[in-house]
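To keep things clear, I will list the structure first and then write my remarks on it.
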Amino acid sequence: MQKLKWQRIVLKVGSALIAPDQDGCRSRYLLTIAQFIVSCRSQGIEVILVSSGSVAAGAHLFPKQEQRSVTMKKAMAAAGQTEMMTMWDRFFDFPSAQMLLTHGDLRDRERYNSIRDTVFTLLEHGILPIINENDTVTTDELKVGDNDNLSAMVAAAADADALMIFSDVDGLYDKNPNLHADAVLLPEIDTIDDSIYAMAGCATSAVGTGGMKTKIEAAEKATSHGITTYILNGFKDETFNRLLAGENPGTIFTPYEKPMQEAVHWMTHTANEQGEVVVEGSFDDSLAGESGCIRGDEIVAVHGEFGVGDTILVRSDDGTRLAKATANYSSCLLNFIADNEQSDFSEKMHDSLGPVISEKDIALLEKS
Ligand SMILES: Nc1ncnc2c1ncn2[C@@H]1O[C@H](COP(=O)(O)OP(=O)(O)O)[C@@H](O)[C@H]1O
Ligand SMILES: N[C@@H](CCC(=O)OP(=O)(O)O)C(=O)O
């Protein structure tokens, strides 16, 4: 076995691997994944597991005809999560730790930092973090909604160098292989653009969420942070043998040559904007001015409610999304400045508090 090049990897395991018969957890596929985790760790690679499957694992505890409602799925997740953790834990002779997260946690910078600290501390002590979305507490507003995107956010937070998404197909095909017999597997993707998204269809299994679309979104998030991303078939032993031999058994997405810095990546891909400011004219006029920041008197309108430190969207008055940024002023104060445009209040605020947003806290978005 050759020495693998990764230092820290995130493995994402889809529901179909956890509960292939939709009748509780099965060890059939997990045993091979667990052996892969053990092999990686024995080579000194730090592993973080993002495990889907709590809903699928818990389903058998509830009557079939009642399983459709959101409330019932939350109950299935609560019961299935314990079953799933018990199953994982049984495979290892080292400790594992459960972390249940929501998008609400990840997009709050303090909670995000706390998640990072916990992951690093667990890894330092040889404990395997096993992460899932906290389905029982999430609302539409607070959830990531699929573990592909969650795993990419986790990989970025953990500064991983590879993200491996184990699913029920060999990788990304030019069209859904479960619907088209002539679909062709794409072994390597260098650039993720609309043509790649156009190939992605929905999940066709009863337990999957998001299909290929969310896996490509995850690959985009991860590769922009310099993380090599794979989509792989977790049903096949061959996948793991080939990975350990240093080969690519599925689809590999190559990382950006110039990855985003961690804080900019978080702002772009994880933080939700709490509100927005509209600035006059183009990006070049407003953001790249001589001070490299936005001043109160350059703001045309303020939408939503946000406080100091919240992430906001900067939009130009023609609707273009220019950037995400950390607000140095609250929406309340900005509205006051906008309402008192004629006075010298804005100038005074700028002199005393500094710019509304400053260069170091801006993540530029592509012009659309
Ligand atoms: N272009 C494509 N290439 C491969 N699979 C695709 C494609 N488009 C849609 N799919 C579907 O995506 C499914 C995998 O996604 P999903 O069911 O959500 O898996 P998981 O539970 O592992 O997250 C495949 O079983 C397949 O039906
Ligand atoms: N959090 C959910 C998994 C959601 C999800 O993304 O599922 P999958 O598409 O199988 O990775 C659960 O544990 O059932």
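A note on labels: chains of the structure tokens are A, B, ... as shown, every chain counts residues from 1, and ligands are counted from 1 in their shown order.
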Dump the neighbourhood of ligand 2 as a PyMOL selection string: all residues within 10 Å, distances computed on only C-alpha atoms and all ligand atoms.
chain A and resi 12-19+50-59+73-74+76-78+80-81+84+100-102+131-136+143-151+165-168+203+205-212+214-215
Keeping C-alpha atoms, export the residues of the selection given above as a compact mmCIF listing (two decimals), in the first residue's frame.
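Output (result37.txt):
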```txt
# COMPACT_ATOMS: atom_id res chain seq x y z
CA LYS A 12 -19.47 12.00 3.37
CA VAL A 13 -21.61 8.88 3.43
CA GLY A 14 -25.07 8.96 1.81
CA SER A 15 -28.27 7.47 3.28
CA ALA A 16 -28.43 4.57 0.79
CA LEU A 17 -25.20 3.20 2.27
CA ILE A 18 -26.46 3.44 5.85
CA ALA A 19 -29.91 1.93 5.35
CA VAL A 50 -20.21 13.34 7.71
CA SER A 51 -22.86 10.67 7.95
CA SER A 52 -26.34 10.98 6.46
CA GLY A 53 -28.93 8.35 7.10
CA SER A 54 -30.63 9.13 10.42
CA VAL A 55 -34.05 9.47 8.75
CA ALA A 56 -33.56 6.30 6.69
CA ALA A 57 -32.20 4.46 9.74
CA GLY A 58 -35.12 5.46 11.94
CA ALA A 59 -37.87 4.87 9.39
CA LYS A 73 -39.14 12.74 9.60
CA LYS A 74 -37.69 14.68 12.54
CA MET A 76 -37.28 9.33 12.51
CA ALA A 77 -34.02 11.33 12.50
CA ALA A 78 -33.93 11.52 16.30
CA GLY A 80 -32.27 6.81 13.68
CA GLN A 81 -29.33 9.00 14.74
CA MET A 84 -26.53 5.06 13.31
CA LEU A 100 -25.13 17.77 15.07
CA LEU A 101 -25.07 21.09 13.23
CA THR A 102 -27.44 23.44 11.46
CA ILE A 131 -21.24 14.96 11.86
CA ASN A 132 -24.83 15.19 10.65
CA GLU A 133 -27.37 17.96 10.29
CA ASN A 134 -29.41 18.45 13.45
CA ASP A 135 -32.64 17.54 11.68
CA THR A 136 -34.82 17.63 14.77
CA LYS A 143 -31.12 24.21 7.66
CA VAL A 144 -28.42 23.40 5.14
CA GLY A 145 -30.91 20.85 3.80
CA ASP A 146 -28.47 18.31 2.39
CA ASN A 147 -25.32 16.72 3.70
CA ASP A 148 -23.36 17.26 0.47
CA ASN A 149 -23.27 21.01 1.08
CA LEU A 150 -22.87 20.42 4.81
CA SER A 151 -19.81 18.24 4.18
CA ILE A 165 -18.57 12.01 -1.21
CA PHE A 166 -19.59 8.34 -1.14
CA SER A 167 -22.86 7.69 -2.92
CA ASP A 168 -24.65 4.96 -4.88
CA ALA A 203 -31.94 11.68 -6.51
CA SER A 205 -33.41 6.46 -4.63
CA ALA A 206 -36.12 6.67 -1.97
CA VAL A 207 -33.66 7.90 0.66
CA GLY A 208 -31.31 10.34 -1.14
CA THR A 209 -31.58 14.14 -0.86
CA GLY A 210 -30.41 16.49 -3.59
CA GLY A 211 -29.03 14.04 -6.16
CA MET A 212 -26.01 15.26 -8.14
CA THR A 214 -26.01 19.26 -4.33
CA LYS A 215 -22.83 17.21 -4.87
```
Residues near His225 of chain A, cut-off 8 Å, only C-alpha atoms, skip fewer than 4 positions along chain, as a list in words
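What passes the distance filter is Ala156, Lys221, Pro255, Tyr256, Pro259, Met260, Gln261, Glu262 and His265 of chain A.
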Out of A:Ile37, A:Ala183, A:Cys202, A:Met72, which residue has the shortest atom-to-atom distance to ligand 1 when counting only C-alpha atoms and all ligand atoms?
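With only C-alpha atoms and all ligand atoms as the atom set, the closest residue is A:Cys202.
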Excluding Thr191 of chain A and its own-chain neighbours fewer than 6 positions away, which residues fall within 12 Å of it when counting only C-alpha atoms? Please give them as a list in words.
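Here the answer would be Tyr197, Ile216, Ala219, Glu220, Thr223, Ser224, Ile252, Phe253, Thr254, Pro255, Tyr256 and Glu257 of chain A.
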Would you list, as a PyMOL selection string, the residues of segment 160-258 of chain A that end up in strand (DSSP E) under DSSP run on this structure's backbone?
chain A and resi 162-167+188-189+228-233+251-253
Residues of segment 14-138 of chain A in alpha helix (DSSP H) according to DSSP, as a PyMOL selection string?
chain A and resi 15-18+27-42+54-58+70-91+103-106+109-124
